[in-house]
Each structure stands twice: as C-alpha cells, then as structure tokens.
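Novice: Here you go, one structure.
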Amino acid sequence: MANIKVHDKEFEPYLTDDQLQSRIKAMAEAINTDYAGKKPLFIAILNGSFMFASDLFKYITIDAEICFIKLASYKGTKSTGHVITAIGLDTDIIDRHVLILEDIVDTGKTLSEFLPQFQHQQPLSLKIAALLHKPDAMVYPIKIDYLGFSIPNKFVVGYGLDYDGLGRNIKEIYQLVG
Ligand code: IMP
C-alpha cells in the first residue's frame, strides 16, 4: 500500500482492511456473548462511526437494534472542544441495554460531555465500543468496554474518519506522516 494525499497532507498505511475486519469480528463476538438475551440498543455516533457501525452490526447475531445520532467536537486536525448535537436521539433508552458505537476516542471530551445525558435517561446499562483509542491524547478519562485498537497520538483518516471532510471512503486506515 502506498502513501496517500488528503487535501495538503500525506498519510501512510496503518491498518489494513483485513486487520480491521478481523478485529471488528472479534469485538462483535464478545458483544454477542455478553448481550445474549438482552436485546441491546446500539447508538452509533455519526459521522465517523458509520462504517465501523455497519461492519460491526453485520457480525451481530443476537437480537439487537441500532440508531444513529450526530455530535461533533472536531474541526481540522485539532479538537475544538465544542460538542454540538445535530441529530437527536429518537429512541427511548430507559430500561434498555445501551452500547455506544464510536469511531475514535481522542481527548475523550465528546463522550464525557454526552454520557451524563444518556445516564440521565436511566438505561439499564451503558457501555462503549470504540474502534480506535489514542491513550496519549486522553484528557477526559473514559472507560472503553470494547476496544478495537489502541493507537499513537497521530491523526488518522479512512474507514469513516475524515480530514476536513475527505478520506471517509478509504477502506483502510492511514496515519499522518511526520
Ligand atoms: P474527542 O472528543 O477528542 O475524543 O474526539 C472524538 C472525535 O474527534 C471523534 O469521534 C472523531 O470524529 C474526531 N477525531 C479524533 N481524532 C481523530 C483522527 O485522528 N482522525 C479523524 N477524526 C478524529
């Protein structure tokens, strides 16, 4: 796999399609076991998690529901720290086992601001599945219950993740060079 350019920046191959799929399959298998008989509600956070949510959900074999909400805390390559809810939650989460699906936990700000709002609605349980986590960037500690990959504190694109709007359609994950 060769390096790619997204806007003005160069990115190098980091996680292949195969690596992503086999890890996501393993995550789904753990979820299938842990949530059997609980009819969990998956809440995927748009935009970045759409590919992860779609692939993970295909490996889910137990009864489960999924819905999508949209928050944003990111502009360019540095977190702006502003969390905005653009598409709200239209499914009742009271008395449901809720699993949040997030593409990447970076500073942890997005989830740490939003989780209390979910808790407030009294789900039976509230857990997090994240494809990627940058432990060195963590400012607001978040417990990730199902994690795909722990990655260095470098900007990544692909597999749903963008750099200023571009790169989401790439099948693999690429890391910023330098
Ligand atoms: P946090 O609030 O700092 O944890 O940021 C979480 C959000 O920032 C993610 O859902 C992504 O949308 C975005 N983000 C964080 N790191 C990256 C990255 O390396 N590439 C693309 N988007 C990122």
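Note on naming: chains are A, B, ... as they come in the structure tokens, residues start from 1 per chain, ligands start from 1 in the order shown.
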Return as a PyMOL selection string every polymer residue, whether protein, DNA or RNA, with at least one atom no more than 6 Å from an atom of ligand 1; count only C-alpha atoms and all ligand atoms.

Specialist: chain A and resi 48+73-74+79+103-110+155-157+161-163

Novice: Store the residues picked out above in a file with C-alpha atoms, as a tab-separated table (two decimals), in the first residue's frame.

Specialist:
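New file again-v7.tsv:
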```tsv
chain	number	residue	atom	x	y	z
A	48	GLY	CA	-17.21	8.96	11.68
A	73	SER	CA	-16.29	18.18	18.50
A	74	TYR	CA	-13.74	18.33	15.74
A	79	SER	CA	-10.09	19.12	18.69
A	103	ASP	CA	-15.12	5.60	15.69
A	104	ILE	CA	-12.34	7.05	17.80
A	105	VAL	CA	-11.86	8.30	21.35
A	106	ASP	CA	-9.23	11.03	21.23
A	107	THR	CA	-9.34	13.52	24.15
A	108	GLY	CA	-12.49	11.84	25.45
A	109	LYS	CA	-14.31	15.17	25.52
A	110	THR	CA	-17.14	14.20	23.19
A	155	PHE	CA	-4.06	11.95	13.15
A	156	VAL	CA	-5.64	9.15	11.11
A	157	VAL	CA	-8.03	9.05	8.13
A	161	LEU	CA	-12.70	9.04	9.55
A	162	ASP	CA	-12.07	12.28	7.72
A	163	TYR	CA	-9.58	15.08	7.46
```

Novice: Leaving out Ile43 in chain A and any residue of its chain fewer than 2 positions from it, which residues lie within 8 Å of it when counting only C-alpha atoms, given as a PyMOL selection string?

Specialist: chain A and resi 41+45+66-69+98-101

Novice: Can you pull out the residues contacting His97 in chain A? Cut-off 12 Å, using only C-alpha atoms, and skip same-chain residues under 6 positions away; I want them as a list of chain:residue names.

Specialist: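 Here the qualifying residues turn out to be A:Ile31, A:Asp34, A:Tyr35, A:Ala36, A:Gly37, A:Lys38, A:Lys39, A:Pro40, A:Leu41, A:Phe42, A:Ile43, A:Asp63, A:Ala64, A:Glu65, A:Ile66, A:Phe118, A:Gln119, A:Gln121, A:Gln122, A:Pro123, A:Leu124, A:Ser125, A:Leu126, A:Lys127, A:Ile128.
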
Novice: Contacts of Tyr14 in chain A at 7 Å or less, counting only C-alpha atoms, minus same-chain residues fewer than 3 places along, as a list of chain:residue names?

Specialist: A:Ile173, A:Tyr174, A:Gln175

Novice: Find the spatial neighbours of range 2-7 of chain A, counting only C-alpha atoms, within a cut-off of 9 Å - ignore same-chain residues fewer than 4 positions away - and output them as a ChimeraX atom specification.

Specialist: /A:11-13,157,163-164,166-167,174,177

Novice: Please report the interatomic distance between CA of Leu131 in chain A and CA of Tyr59 in chain A in Å with one decimal.

Specialist: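 So the two atoms, CA of Leu131 in chain A and CA of Tyr59 in chain A, lie 14.5 Å apart.
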
Novice: Rank A:Pro152, A:Gly158, A:Gly178, A:Gly165 by their smallest atom-to-atom distance to Asp17 in chain A, using only C-alpha atoms, and report the top residue only.

Specialist: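 Checking each of A:Pro152, A:Gly158, A:Gly178, A:Gly165 against Asp17 in chain A, counting only C-alpha atoms, the winner is A:Gly158.
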
Novice: Would you mind reading off the distance between CA of Leu71 in chain A and CA of Lys134 in chain A, one decimal, in Å?

Specialist: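 These atoms are spaced 19.0 Å apart.
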
Novice: Measuring atom to atom with only C-alpha atoms, identify which of A:Leu115, A:Ala44, A:Leu15, A:Ala137 is nearest to Phe57 in chain A.

Specialist: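 Comparing A:Leu115, A:Ala44, A:Leu15, A:Ala137 against Phe57 in chain A, the winner is A:Ala44.
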
Novice: Could you check how far CA of Ala26 in chain A sits from CA of Thr61 in chain A, in Å to one decimal?

Specialist: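 Those two atoms sit 12.6 Å apart.
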
Novice: Counting only C-alpha atoms, figure out which residue out of A:Ile24, A:His120, A:Ser150, A:Asp95 gets nearest to Met51 in chain A.

Specialist: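 Among A:Ile24, A:His120, A:Ser150, A:Asp95, it is A:Ile24 that comes nearest to Met51 in chain A.
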
Novice: From chain A, collect each residue whose DSSP state is strand (DSSP E or B) and return the set as a PyMOL selection string.

Specialist: chain A and resi 4-6+9-15+41-46+65-75+78-87+97-105+125-133+146-150+156-158+161+163+166+173-176

Novice: So, with only C-alpha atoms as the atoms that count, which of A:Ile93, A:Asn32, A:Phe149, A:Tyr159 lies closest to Asp55 in chain A?

Specialist: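 When distances to Asp55 in chain A are compared using only C-alpha atoms, the smallest one comes from A:Tyr159.
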